[in-house]
$ cat query.cif   # mmCIF, C-alpha atoms and all ligand atoms
data_query
#
loop_
_atom_site.group_PDB
_atom_site.id
_atom_site.type_symbol
_atom_site.label_atom_id
_atom_site.label_comp_id
_atom_site.auth_asym_id
_atom_site.auth_seq_id
_atom_site.Cartn_x
_atom_site.Cartn_y
_atom_site.Cartn_z
ATOM 1 C CA MET A 5 0.000 0.000 0.000
ATOM 2 C CA TYR A 6 0.980 3.564 0.421
ATOM 3 C CA ALA A 7 4.364 4.479 1.792
ATOM 4 C CA ARG A 8 5.152 7.965 2.959
ATOM 5 C CA THR A 9 8.777 8.990 2.766
ATOM 6 C CA SER A 10 10.362 9.931 6.098
ATOM 7 C CA VAL A 11 12.760 12.742 5.350
ATOM 8 C CA THR A 12 13.656 15.258 8.012
ATOM 9 C CA THR A 13 14.541 18.511 6.336
ATOM 10 C CA ALA A 14 15.705 21.938 7.275
ATOM 11 C CA ALA A 15 12.694 23.470 5.573
ATOM 12 C CA ALA A 16 10.308 21.250 7.477
ATOM 13 C CA LEU A 17 11.924 22.278 10.731
ATOM 14 C CA LEU A 18 11.686 25.921 9.727
ATOM 15 C CA GLY A 19 8.047 25.320 9.022
ATOM 16 C CA VAL A 20 7.265 25.203 12.724
ATOM 17 C CA SER A 21 7.775 28.886 13.143
ATOM 18 C CA ALA A 22 7.985 30.604 9.787
ATOM 19 C CA LEU A 23 5.121 31.779 7.642
ATOM 20 C CA ILE A 24 6.741 33.526 4.720
ATOM 21 C CA LEU A 25 10.302 32.734 3.841
ATOM 22 C CA PRO A 26 11.221 34.815 0.800
ATOM 23 C CA GLY A 27 14.381 33.589 -0.789
ATOM 24 C CA THR A 28 14.605 30.485 1.347
ATOM 25 C CA ALA A 29 16.252 27.645 -0.527
ATOM 26 C CA THR A 30 13.920 24.849 -1.544
ATOM 27 C CA ALA A 31 14.466 21.755 0.546
ATOM 28 C CA ALA A 32 13.267 18.188 0.259
ATOM 29 C CA THR A 33 9.904 17.229 1.681
ATOM 30 C CA ALA A 34 7.738 14.142 1.413
ATOM 31 C CA ASP A 35 5.148 14.020 -1.363
ATOM 32 C CA PRO A 36 2.280 12.057 0.168
ATOM 33 C CA ALA A 37 1.413 10.806 -3.301
ATOM 34 C CA ALA A 38 4.818 9.193 -3.815
ATOM 35 C CA ARG A 39 3.388 5.711 -4.059
ATOM 36 C CA CYS A 40 4.836 2.257 -4.038
ATOM 37 C CA GLY A 41 1.541 0.402 -4.458
ATOM 38 C CA SER A 42 -2.054 1.178 -5.316
ATOM 39 C CA PRO A 43 -2.881 4.813 -6.042
ATOM 40 C CA LEU A 44 -3.913 7.048 -3.188
ATOM 41 C CA VAL A 45 -7.690 7.562 -3.060
ATOM 42 C CA ILE A 46 -8.730 11.176 -2.417
ATOM 43 C CA ALA A 47 -12.323 12.157 -1.654
ATOM 44 C CA HIS A 48 -13.241 14.962 -4.070
ATOM 45 C CA ARG A 49 -14.919 17.846 -2.216
ATOM 46 C CA GLY A 50 -15.176 15.235 0.545
ATOM 47 C CA ALA A 51 -17.132 12.081 -0.198
ATOM 48 C CA SER A 52 -19.372 14.235 -2.354
ATOM 49 C CA ALA A 53 -21.428 11.413 -3.804
ATOM 50 C CA TYR A 54 -22.801 10.814 -0.326
ATOM 51 C CA ALA A 55 -23.015 14.229 1.350
ATOM 52 C CA PRO A 56 -23.135 17.831 0.142
ATOM 53 C CA GLU A 57 -19.805 18.789 -1.411
ATOM 54 C CA ASN A 58 -17.256 20.831 0.532
ATOM 55 C CA THR A 59 -19.169 20.555 3.815
ATOM 56 C CA LEU A 60 -18.255 19.005 7.138
ATOM 57 C CA PRO A 61 -20.657 16.076 6.578
ATOM 58 C CA ALA A 62 -18.729 15.321 3.360
ATOM 59 C CA VAL A 63 -15.519 15.183 5.395
ATOM 60 C CA ASP A 64 -17.161 12.843 7.892
ATOM 61 C CA ALA A 65 -18.642 10.713 5.099
ATOM 62 C CA ALA A 66 -15.140 10.150 3.746
ATOM 63 C CA ASP A 67 -13.931 9.286 7.221
ATOM 64 C CA ALA A 68 -16.794 6.828 7.694
ATOM 65 C CA LEU A 69 -15.639 5.086 4.518
ATOM 66 C CA GLY A 70 -12.103 4.893 5.881
ATOM 67 C CA ILE A 71 -10.719 7.470 3.458
ATOM 68 C CA ASP A 72 -7.805 9.512 4.808
ATOM 69 C CA TRP A 73 -7.539 12.195 2.152
ATOM 70 C CA VAL A 74 -10.123 14.849 1.336
ATOM 71 C CA GLU A 75 -9.944 17.507 -1.356
ATOM 72 C CA ASN A 76 -11.590 20.910 -0.983
ATOM 73 C CA ASP A 77 -11.874 24.333 -2.665
ATOM 74 C CA VAL A 78 -11.001 27.544 -0.833
ATOM 75 C CA GLN A 79 -12.223 31.067 -1.661
ATOM 76 C CA ARG A 80 -12.426 34.424 0.169
ATOM 77 C CA THR A 81 -15.376 36.451 1.416
ATOM 78 C CA LYS A 82 -15.961 40.195 1.139
ATOM 79 C CA ASP A 83 -14.541 40.682 4.635
ATOM 80 C CA GLY A 84 -11.474 38.561 4.050
ATOM 81 C CA ARG A 85 -12.483 35.243 5.613
ATOM 82 C CA LEU A 86 -11.674 31.971 3.881
ATOM 83 C CA VAL A 87 -14.547 29.629 3.094
ATOM 84 C CA VAL A 88 -14.775 26.189 1.531
ATOM 85 C CA ILE A 89 -16.904 26.221 -1.596
ATOM 86 C CA HIS A 90 -16.374 25.262 -5.230
ATOM 87 C CA ASP A 91 -18.301 27.752 -7.373
ATOM 88 C CA ASP A 92 -17.392 31.448 -7.308
ATOM 89 C CA SER A 93 -21.092 32.135 -6.822
ATOM 90 C CA LEU A 94 -23.441 30.755 -4.199
ATOM 91 C CA PRO A 95 -26.720 29.687 -5.886
ATOM 92 C CA ARG A 96 -25.911 26.123 -6.969
ATOM 93 C CA THR A 97 -25.044 24.825 -3.509
ATOM 94 C CA THR A 98 -26.915 27.172 -1.161
ATOM 95 C CA ASP A 99 -30.279 28.899 -0.712
ATOM 96 C CA VAL A 100 -28.739 32.335 -1.220
ATOM 97 C CA GLU A 101 -31.353 33.395 -3.793
ATOM 98 C CA ARG A 102 -34.076 32.896 -1.188
ATOM 99 C CA VAL A 103 -32.193 34.528 1.697
ATOM 100 C CA PHE A 104 -30.729 37.441 -0.288
ATOM 101 C CA PRO A 105 -33.024 37.838 -3.341
ATOM 102 C CA ASP A 106 -31.657 41.257 -4.296
ATOM 103 C CA ARG A 107 -27.963 40.362 -4.349
ATOM 104 C CA ALA A 108 -27.521 38.862 -7.838
ATOM 105 C CA PRO A 109 -25.191 37.506 -9.123
ATOM 106 C CA TRP A 110 -24.488 36.195 -5.619
ATOM 107 C CA LYS A 111 -20.697 36.011 -5.873
ATOM 108 C CA VAL A 112 -18.805 34.596 -2.897
ATOM 109 C CA LYS A 113 -16.547 37.664 -2.888
ATOM 110 C CA ASP A 114 -19.547 39.983 -2.467
ATOM 111 C CA PHE A 115 -20.819 38.383 0.755
ATOM 112 C CA THR A 116 -19.447 38.614 4.273
ATOM 113 C CA ALA A 117 -18.646 35.513 6.252
ATOM 114 C CA ALA A 118 -21.558 36.256 8.579
ATOM 115 C CA GLU A 119 -23.936 36.394 5.604
ATOM 116 C CA ILE A 120 -22.620 33.146 4.157
ATOM 117 C CA ALA A 121 -22.947 31.511 7.577
ATOM 118 C CA ARG A 122 -26.712 32.073 7.347
ATOM 119 C CA LEU A 123 -27.036 29.979 4.197
ATOM 120 C CA ASP A 124 -28.245 26.403 3.937
ATOM 121 C CA ALA A 125 -25.618 24.459 2.002
ATOM 122 C CA GLY A 126 -27.247 21.065 2.422
ATOM 123 C CA SER A 127 -30.864 21.112 1.287
ATOM 124 C CA TRP A 128 -29.960 21.207 -2.413
ATOM 125 C CA PHE A 129 -28.399 17.778 -1.914
ATOM 126 C CA GLY A 130 -31.239 16.319 0.148
ATOM 127 C CA GLU A 131 -33.568 17.256 2.976
ATOM 128 C CA ARG A 132 -31.537 15.082 5.321
ATOM 129 C CA TRP A 133 -28.775 17.680 5.019
ATOM 130 C CA ALA A 134 -30.897 20.759 5.710
ATOM 131 C CA GLY A 135 -29.092 23.270 7.896
ATOM 132 C CA THR A 136 -25.602 22.257 6.803
ATOM 133 C CA ARG A 137 -23.407 25.351 6.500
ATOM 134 C CA VAL A 138 -20.645 26.541 4.191
ATOM 135 C CA PRO A 139 -17.616 25.903 6.422
ATOM 136 C CA THR A 140 -14.908 28.423 7.053
ATOM 137 C CA LEU A 141 -11.435 27.100 6.388
ATOM 138 C CA GLU A 142 -10.827 27.089 10.140
ATOM 139 C CA GLN A 143 -13.895 24.926 10.770
ATOM 140 C CA TYR A 144 -12.924 22.634 7.923
ATOM 141 C CA LEU A 145 -9.352 22.156 9.162
ATOM 142 C CA ARG A 146 -10.601 21.322 12.645
ATOM 143 C CA ALA A 147 -12.964 18.676 11.286
ATOM 144 C CA VAL A 148 -10.237 17.080 9.183
ATOM 145 C CA GLU A 149 -7.886 17.154 12.151
ATOM 146 C CA ALA A 150 -10.473 15.654 14.498
ATOM 147 C CA ASN A 151 -10.834 12.732 12.103
ATOM 148 C CA GLN A 152 -7.064 12.437 11.716
ATOM 149 C CA GLN A 153 -7.513 12.917 7.999
ATOM 150 C CA LYS A 154 -5.335 14.712 5.458
ATOM 151 C CA LEU A 155 -6.031 17.582 3.108
ATOM 152 C CA LEU A 156 -5.545 18.288 -0.571
ATOM 153 C CA LEU A 157 -6.387 21.998 -0.494
ATOM 154 C CA GLU A 158 -7.282 23.660 -3.791
ATOM 155 C CA ILE A 159 -6.930 27.427 -4.121
ATOM 156 C CA LYS A 160 -9.979 28.060 -6.275
ATOM 157 C CA SER A 161 -10.070 30.958 -8.755
ATOM 158 C CA PRO A 162 -7.156 32.827 -7.140
ATOM 159 C CA GLU A 163 -7.354 35.517 -9.817
ATOM 160 C CA LEU A 164 -10.482 36.734 -7.993
ATOM 161 C CA TYR A 165 -8.696 36.969 -4.657
ATOM 162 C CA PRO A 166 -5.301 38.691 -4.855
ATOM 163 C CA GLY A 167 -3.052 37.563 -2.030
ATOM 164 C CA ILE A 168 -5.221 34.610 -1.043
ATOM 165 C CA GLU A 169 -2.148 32.376 -0.910
ATOM 166 C CA ASN A 170 -0.770 34.248 2.094
ATOM 167 C CA ASP A 171 -4.213 34.315 3.707
ATOM 168 C CA ILE A 172 -4.389 30.528 3.403
ATOM 169 C CA LEU A 173 -0.888 30.056 4.787
ATOM 170 C CA ARG A 174 -1.773 32.306 7.719
ATOM 171 C CA VAL A 175 -4.869 30.291 8.612
ATOM 172 C CA LEU A 176 -3.033 27.019 8.171
ATOM 173 C CA ARG A 177 -0.339 28.222 10.547
ATOM 174 C CA GLN A 178 -2.853 29.520 13.093
ATOM 175 C CA GLU A 179 -4.645 26.175 13.051
ATOM 176 C CA GLY A 180 -1.438 24.211 13.545
ATOM 177 C CA TRP A 181 -1.263 22.841 10.026
ATOM 178 C CA LEU A 182 2.211 24.122 9.202
ATOM 179 C CA ASP A 183 4.125 22.144 11.767
ATOM 180 C CA ARG A 184 6.468 19.474 10.551
ATOM 181 C CA ALA A 185 4.049 16.564 10.930
ATOM 182 C CA HIS A 186 1.328 18.226 8.889
ATOM 183 C CA VAL A 187 3.618 19.578 6.208
ATOM 184 C CA ARG A 188 5.393 16.269 5.730
ATOM 185 C CA ASN A 189 2.418 13.945 5.742
ATOM 186 C CA LYS A 190 -0.952 15.646 5.817
ATOM 187 C CA LEU A 191 -1.082 18.588 3.454
ATOM 188 C CA VAL A 192 -0.850 19.283 -0.267
ATOM 189 C CA ILE A 193 -1.832 22.628 -1.819
ATOM 190 C CA GLN A 194 -2.879 22.709 -5.483
ATOM 191 C CA SER A 195 -4.357 25.133 -8.006
ATOM 192 C CA PHE A 196 -5.158 25.531 -11.688
ATOM 193 C CA SER A 197 -3.114 28.743 -11.453
ATOM 194 C CA ALA A 198 0.622 28.239 -11.874
ATOM 195 C CA ASP A 199 1.179 31.678 -10.364
ATOM 196 C CA SER A 200 -0.748 30.665 -7.269
ATOM 197 C CA VAL A 201 1.143 27.394 -6.845
ATOM 198 C CA ARG A 202 4.407 29.276 -7.333
ATOM 199 C CA ALA A 203 3.386 31.803 -4.674
ATOM 200 C CA VAL A 204 2.733 29.026 -2.169
ATOM 201 C CA HIS A 205 6.059 27.426 -2.988
ATOM 202 C CA GLN A 206 7.868 30.723 -2.562
ATOM 203 C CA GLY A 207 6.077 31.501 0.689
ATOM 204 C CA ARG A 208 6.576 28.078 2.203
ATOM 205 C CA PRO A 209 9.085 26.031 0.216
ATOM 206 C CA ASP A 210 8.563 22.995 2.444
ATOM 207 C CA ILE A 211 4.909 22.484 1.476
ATOM 208 C CA THR A 212 4.070 19.861 -1.139
ATOM 209 C CA THR A 213 2.299 21.522 -4.060
ATOM 210 C CA GLY A 214 0.346 20.408 -7.112
ATOM 211 C CA PHE A 215 -0.504 22.007 -10.443
ATOM 212 C CA LEU A 216 -3.947 21.189 -11.789
ATOM 213 C CA GLY A 217 -3.834 20.678 -15.517
ATOM 214 C CA THR A 218 -2.017 18.932 -18.327
ATOM 215 C CA PRO A 219 0.954 21.048 -19.395
ATOM 216 C CA PRO A 220 2.687 20.001 -22.625
ATOM 217 C CA VAL A 221 5.524 17.565 -21.951
ATOM 218 C CA ALA A 222 8.064 20.098 -23.209
ATOM 219 C CA GLN A 223 6.921 22.561 -20.537
ATOM 220 C CA LEU A 224 6.938 20.130 -17.620
ATOM 221 C CA PRO A 225 10.481 21.049 -16.478
ATOM 222 C CA SER A 226 9.403 24.644 -15.862
ATOM 223 C CA TYR A 227 6.561 23.403 -13.630
ATOM 224 C CA ALA A 228 8.899 21.053 -11.792
ATOM 225 C CA ALA A 229 10.728 24.079 -10.433
ATOM 226 C CA PHE A 230 7.839 24.939 -8.096
ATOM 227 C CA THR A 231 5.571 21.906 -7.846
ATOM 228 C CA ASP A 232 5.674 18.263 -6.805
ATOM 229 C CA GLN A 233 2.533 17.042 -8.528
ATOM 230 C CA ILE A 234 0.982 17.398 -11.980
ATOM 231 C CA ASN A 235 -2.708 16.667 -11.531
ATOM 232 C CA PRO A 236 -4.598 16.331 -14.843
ATOM 233 C CA THR A 237 -8.153 15.482 -15.748
ATOM 234 C CA HIS A 238 -8.448 11.769 -16.498
ATOM 235 C CA THR A 239 -10.111 12.342 -19.849
ATOM 236 C CA SER A 240 -6.981 12.962 -21.877
ATOM 237 C CA LEU A 241 -4.519 11.029 -19.746
ATOM 238 C CA THR A 242 -2.168 8.546 -21.413
ATOM 239 C CA GLU A 243 0.468 6.144 -20.162
ATOM 240 C CA GLU A 244 3.089 8.146 -22.055
ATOM 241 C CA TYR A 245 2.107 11.364 -20.338
ATOM 242 C CA VAL A 246 2.212 9.801 -16.872
ATOM 243 C CA ALA A 247 5.642 8.348 -17.649
ATOM 244 C CA ALA A 248 6.887 11.715 -18.896
ATOM 245 C CA VAL A 249 5.808 13.339 -15.630
ATOM 246 C CA HIS A 250 7.414 10.584 -13.575
ATOM 247 C CA ARG A 251 10.731 11.017 -15.372
ATOM 248 C CA LEU A 252 11.139 14.498 -13.895
ATOM 249 C CA LYS A 253 12.052 15.477 -10.375
ATOM 250 C CA GLY A 254 9.843 18.035 -8.719
ATOM 251 C CA ALA A 255 10.491 20.967 -6.448
ATOM 252 C CA HIS A 256 11.718 18.751 -3.641
ATOM 253 C CA GLY A 257 13.998 16.537 -5.677
ATOM 254 C CA LYS A 258 11.607 13.587 -5.817
ATOM 255 C CA PRO A 259 9.915 12.270 -8.956
ATOM 256 C CA LEU A 260 6.872 14.295 -9.895
ATOM 257 C CA THR A 261 3.643 12.467 -9.124
ATOM 258 C CA VAL A 262 0.246 12.397 -10.853
ATOM 259 C CA SER A 263 -3.152 12.552 -9.156
ATOM 260 C CA THR A 264 -5.989 12.532 -11.666
ATOM 261 C CA TRP A 265 -9.603 13.669 -11.389
ATOM 262 C CA THR A 266 -12.529 13.074 -11.274
ATOM 263 C CA VAL A 267 -12.870 9.289 -11.602
ATOM 264 C CA ASN A 268 -16.108 7.960 -10.125
ATOM 265 C CA ASP A 269 -16.547 4.462 -11.530
ATOM 266 C CA ALA A 270 -14.714 1.169 -11.157
ATOM 267 C CA ALA A 271 -13.692 0.791 -14.782
ATOM 268 C CA GLY A 272 -12.291 4.291 -14.904
ATOM 269 C CA ALA A 273 -10.378 3.707 -11.702
ATOM 270 C CA VAL A 274 -8.782 0.532 -13.045
ATOM 271 C CA ARG A 275 -7.918 2.314 -16.284
ATOM 272 C CA VAL A 276 -6.065 5.204 -14.629
ATOM 273 C CA ARG A 277 -4.410 2.868 -12.146
ATOM 274 C CA ASP A 278 -3.043 0.913 -15.090
ATOM 275 C CA LEU A 279 -1.773 4.153 -16.642
ATOM 276 C CA GLY A 280 0.416 4.451 -13.554
ATOM 277 C CA VAL A 281 -1.154 7.344 -11.650
ATOM 278 C CA ASP A 282 -0.230 7.949 -8.029
ATOM 279 C CA GLY A 283 -3.564 9.311 -6.852
ATOM 280 C CA ILE A 284 -7.231 9.184 -7.875
ATOM 281 C CA ILE A 285 -9.514 12.067 -6.892
ATOM 282 C CA THR A 286 -13.099 10.824 -6.750
ATOM 283 C CA ASN A 287 -16.598 11.593 -5.527
ATOM 284 C CA ASN A 288 -17.013 7.855 -4.805
ATOM 285 C CA PRO A 289 -13.898 6.886 -2.866
ATOM 286 C CA ASP A 290 -15.327 3.548 -1.761
ATOM 287 C CA VAL A 291 -16.052 2.512 -5.339
ATOM 288 C CA VAL A 292 -12.562 3.488 -6.473
ATOM 289 C CA ARG A 293 -10.859 1.862 -3.501
ATOM 290 C CA ASP A 294 -12.719 -1.392 -4.014
ATOM 291 C CA ALA A 295 -11.956 -1.370 -7.745
ATOM 292 C CA ILE A 296 -8.220 -0.846 -7.480
ATOM 293 C CA GLY A 297 -7.680 -3.157 -4.546
HETATM 294 O O1 LIG B 301 -8.871 18.200 -7.381
HETATM 295 C C1 LIG B 301 -9.154 18.333 -8.720
HETATM 296 C C2 LIG B 301 -10.488 18.905 -9.023
HETATM 297 O O2 LIG B 301 -11.140 19.287 -7.864
HETATM 298 C C3 LIG B 301 -10.395 20.055 -9.932
HETATM 299 O O3 LIG B 301 -11.617 20.403 -10.472
HETATM 300 O O4 LIG B 301 -13.548 21.876 -10.667
HETATM 301 O O5 LIG B 301 -13.653 19.924 -9.146
HETATM 302 O O6 LIG B 301 -12.285 21.887 -8.547
HETATM 303 P P1 LIG B 301 -12.825 21.056 -9.669
HETATM 304 CA CA CA B 302 -11.371 21.170 -6.521
#
$ encode --input "query.cif" --output "structure tokens" --more "lines below"
Ligand code: G3P
Ligand code: CA
Amino acid sequence: MYARTSVTTAAALLGVSALILPGTATAATADPAARCGSPLVIAHRGASAYAPENTLPAVDAADALGIDWVENDVQRTKDGRLVVIHDDSLPRTTDVERVFPDRAPWKVKDFTAAEIARLDAGSWFGERWAGTRVPTLEQYLRAVEANQQKLLLEIKSPELYPGIENDILRVLRQEGWLDRAHVRNKLVIQSFSADSVRAVHQGRPDITTGFLGTPPVAQLPSYAAFTDQINPTHTSLTEEYVAAVHRLKGAHGKPLTVSTWTVNDAAGAVRVRDLGVDGIITNNPDVVRDAIG
């Protein structure tokens, strides 16, 4: 099964106390997706086939299935708080149109944290989930920690939230997620924005990072300078591409890894496993786990 590298590093030790380390040399850390067996199974937006996505019940649903890793999406409110939600607007996963009918287009960035805390983020998924809230990042981290789970944190739409990388690092540090144990084994930060991933790497060189997307093979070396993972959609993934990623060493001197998304059925899971991926991000982590053995 999964082996996590045990490498004590200067950067990891620095991570106990430092938040931003401009100019700090990149040091080796452990990529939790550096596999030596079956791919890591990561619950996408929590176990989002079974509970409303990006909520605390979705974290607990993953835990109930025995899944260690959860993925989430982090954005910022009007008053600078970090919240866990996928869309940059609120209507799909909350009752915001009923609670605030005059606030179209209901963008996350236009609402305060107190306003978002009033919203029902569960009823859209099923009446059983009525009253579920959009979690703050602090609440989310505490739930993951309480379950002894691990977090693949996605910085969602960072172009809408200048400086959100430092805001996220600050909350992670305040919640105890930037100590050596978390940084080495329990945390990966990813984004579709190369600039955002690079900013995280520059701010905290010890953190494992991932780039979401499928850069051309010729461009992979430039990504390897600031990331440890290349995480593409499964739809265009090939064995050759996975091998090309694996041939390169990432920001911490270890082979780049590949976690692919979003694979929700057994046949798809077997297919990407056989392509050689290191991680599978899925709404149905039990289905994927059972399929890949
Ligand atoms: O973790 C990968 C996946 O979450 C990226 O796509 O749109 O679900 O955030 P999206
Ligand atoms: Ca995501």
$ atom_distance --input "query.cif" --atom1 "atom CA of A:Val187" --atom2 "atom CA of A:Gly207"
13.4 Å
$ closest_atom_pairs --input "query.cif" --of "chain A" --to "ligand LIG 301 (chain B)" --cutoff "12 Å" --atoms "only C-alpha atoms and all ligand atoms" --output "CSV"
residue,atom,partner,partner_atom,distance
A:Val45,CA,B:LIG301,O1,11.5
A:Ile46,CA,B:LIG301,O1,8.6
A:Ala47,CA,B:LIG301,O1,9.0
A:His48,CA,B:LIG301,O2,6.1
A:Arg49,CA,B:LIG301,O2,6.9
A:Gly50,CA,B:LIG301,O2,10.2
A:Ser52,CA,B:LIG301,O5,10.5
A:Glu57,CA,B:LIG301,O5,9.9
A:Asn58,CA,B:LIG301,O5,10.4
A:Trp73,CA,B:LIG301,O1,11.3
A:Val74,CA,B:LIG301,O1,9.4
A:Glu75,CA,B:LIG301,O1,6.2
A:Asn76,CA,B:LIG301,O2,7.1
A:Asp77,CA,B:LIG301,O6,6.4
A:Val78,CA,B:LIG301,O6,9.7
A:Gln79,CA,B:LIG301,O6,11.5
A:Val88,CA,B:LIG301,O6,11.2
A:Ile89,CA,B:LIG301,O6,9.4
A:His90,CA,B:LIG301,O6,6.3
A:Asp91,CA,B:LIG301,O4,8.2
A:Asp92,CA,B:LIG301,O4,10.8
A:Leu155,CA,B:LIG301,O1,10.9
A:Leu156,CA,B:LIG301,O1,7.6
A:Leu157,CA,B:LIG301,O1,8.2
A:Glu158,CA,B:LIG301,O1,6.7
A:Ile159,CA,B:LIG301,O6,8.9
A:Lys160,CA,B:LIG301,O6,7.0
A:Ser161,CA,B:LIG301,O6,9.3
A:Val192,CA,B:LIG301,O1,10.8
A:Ile193,CA,B:LIG301,O1,10.0
A:Gln194,CA,B:LIG301,O1,7.7
A:Ser195,CA,B:LIG301,C3,8.1
A:Phe196,CA,B:LIG301,C3,7.8
A:Ser197,CA,B:LIG301,C3,11.4
A:Gly214,CA,B:LIG301,O1,9.5
A:Phe215,CA,B:LIG301,C1,9.6
A:Leu216,CA,B:LIG301,C1,6.7
A:Gly217,CA,B:LIG301,C3,8.6
A:Thr218,CA,B:LIG301,C3,11.9
A:Gln233,CA,B:LIG301,O1,11.5
A:Ile234,CA,B:LIG301,C1,10.7
A:Asn235,CA,B:LIG301,C1,7.2
A:Pro236,CA,B:LIG301,C1,7.9
A:Thr237,CA,B:LIG301,C1,7.7
A:His238,CA,B:LIG301,C1,10.2
A:Val262,CA,B:LIG301,C1,11.3
A:Ser263,CA,B:LIG301,O1,8.2
A:Thr264,CA,B:LIG301,C1,7.2
A:Trp265,CA,B:LIG301,C1,5.4
A:Thr266,CA,B:LIG301,C2,6.6
A:Val267,CA,B:LIG301,C1,10.2
A:Gly283,CA,B:LIG301,O1,10.4
A:Ile284,CA,B:LIG301,O1,9.2
A:Ile285,CA,B:LIG301,O1,6.2
A:Thr286,CA,B:LIG301,O1,8.5
A:Asn287,CA,B:LIG301,O5,9.5
$ resolve_selection --input "query.cif" --expression "the PyMOL selection byres (((chain A and resi 139) around 7) and not hetatm)" --output "count of residues only"
10
$ residues_near_point --input "query.cif" --point "(-19.6, 41.5, 3.6)" --cutoff "6 Å" --atoms "only C-alpha atoms" --output "count of residues only"
4
$ residues_around --input "query.cif" --residues "A:Ser93" --least-positions-apart "4" --cutoff "7 Å" --atoms "all atoms listed in the file" --output "short mmCIF file (atom, residue, chain, number, x, y, z; two decimals) with C-alpha atoms, in the coordinates of the input"
data_model
loop_
_atom_site.label_atom_id
_atom_site.label_comp_id
_atom_site.auth_asym_id
_atom_site.auth_seq_id
_atom_site.Cartn_x
_atom_site.Cartn_y
_atom_site.Cartn_z
CA TRP A 110 -24.49 36.20 -5.62
CA LYS A 111 -20.70 36.01 -5.87
CA VAL A 112 -18.80 34.60 -2.90
#
$ atom_distance --input "query.cif" --atom1 "atom CA of A:Ala108" --atom2 "atom CA of A:Leu86"
20.9 Å
$ closest_residue --input "query.cif" --among "A:His205, A:Lys113, A:Lys190, A:Arg122" --to "A:Leu164" --atoms "all atoms listed in the file"
A:Lys113
$ residues_around --input "query.cif" --residues "A:Ile71" --least-positions-apart "5" --cutoff "9 Å" --atoms "all atoms listed in the file" --output "list in words"
Val45, Ile46, Ala47, Ala51, Ala65, Ala66, Gln153, Pro289, Asp290 and Arg293 of chain A
$ resolve_selection --input "query.cif" --expression "the PyMOL selection byres (((chain A and resi 255) around 9) and not hetatm)" --output "list of chain:residue names"
A:Thr30, A:Ala31, A:Ala32, A:Thr33, A:His205, A:Pro209, A:Thr212, A:Thr213, A:Tyr227, A:Ala228, A:Ala229, A:Phe230, A:Thr231, A:Asp232, A:Lys253, A:Gly254, A:His256, A:Gly257, A:Lys258, A:Leu260
$ atom_distance --input "query.cif" --atom1 "atom CA of A:Arg102" --atom2 "atom CA of A:Tyr165"
25.9 Å
$ residues_around --input "query.cif" --residues "A:Ala117" --least-positions-apart "3" --cutoff "7 Å" --atoms "all atoms listed in the file" --output "CSV table (one decimal) with C-alpha atoms, in the coordinates of the input"
chain,number,residue,atom,x,y,z
A,81,THR,CA,-15.4,36.5,1.4
A,83,ASP,CA,-14.5,40.7,4.6
A,85,ARG,CA,-12.5,35.2,5.6
A,120,ILE,CA,-22.6,33.1,4.2
A,121,ALA,CA,-22.9,31.5,7.6
$ resolve_selection --input "query.cif" --expression "the PyMOL selection byres (((chain A and resi 128) around 9) and not hetatm)" --output "VMD selection string"
chain A and resid 56 96 to 99 124 to 127 129 to 131 133 to 134
$ write_last_selection --input "query.cif" --atoms "C-alpha atoms" --output "PDB file, keeping the file's coordinate frame"
ATOM      1  CA  PRO A  56     -23.135  17.831   0.142  1.00  0.00           C
ATOM      2  CA  ARG A  96     -25.911  26.123  -6.969  1.00  0.00           C
ATOM      3  CA  THR A  97     -25.044  24.825  -3.509  1.00  0.00           C
ATOM      4  CA  THR A  98     -26.915  27.172  -1.161  1.00  0.00           C
ATOM      5  CA  ASP A  99     -30.279  28.899  -0.712  1.00  0.00           C
ATOM      6  CA  ASP A 124     -28.245  26.403   3.937  1.00  0.00           C
ATOM      7  CA  ALA A 125     -25.618  24.459   2.002  1.00  0.00           C
ATOM      8  CA  GLY A 126     -27.247  21.065   2.422  1.00  0.00           C
ATOM      9  CA  SER A 127     -30.864  21.112   1.287  1.00  0.00           C
ATOM     10  CA  PHE A 129     -28.399  17.778  -1.914  1.00  0.00           C
ATOM     11  CA  GLY A 130     -31.239  16.319   0.148  1.00  0.00           C
ATOM     12  CA  GLU A 131     -33.568  17.256   2.976  1.00  0.00           C
ATOM     13  CA  TRP A 133     -28.775  17.680   5.019  1.00  0.00           C
ATOM     14  CA  ALA A 134     -30.897  20.759   5.710  1.00  0.00           C
TER      15      ALA A 134
END
$ closest_residue --input "query.cif" --among "A:Pro109, A:Gly167, A:Pro61, A:Gly135" --to "A:Gly84" --atoms "all atoms listed in the file"
A:Gly167
$ residues_around --input "query.cif" --residues "A:Leu279" --least-positions-apart "6" --cutoff "7 Å" --atoms "only C-alpha atoms" --output "ChimeraX atom specification"
/A:242-243,246
$ write_last_selection --input "query.cif" --atoms "C-alpha atoms" --output "PDB file, keeping the file's coordinate frame"
ATOM      1  CA  THR A 242      -2.168   8.546 -21.413  1.00  0.00           C
ATOM      2  CA  GLU A 243       0.468   6.144 -20.162  1.00  0.00           C
ATOM      3  CA  VAL A 246       2.212   9.801 -16.872  1.00  0.00           C
TER       4      VAL A 246
END
$ closest_residue --input "query.cif" --among "A:Asn170, A:Thr239, A:Gln223, A:Ser42" --to "A:Arg208" --atoms "all atoms listed in the file"
A:Asn170
$ residues_near_point --input "query.cif" --point "(-1.3, 28.5, 6.8)" --cutoff "12 Å" --atoms "all atoms listed in the file" --output "MDAnalysis selection string"
chainID A and resid 19:24 86 141:142 145 157 168:183 186:187 191:193 204 207:208 211
$ axis_aligned_box --input "query.cif" --around "stretch 141-156 of chain A" --padding-each-side "8 Å" --output "AutoDock Vina command-line options"
--center_x -9.6 --center_y 19.8 --center_z 7.0 --size_x 24.6 --size_y 30.7 --size_z 31.1
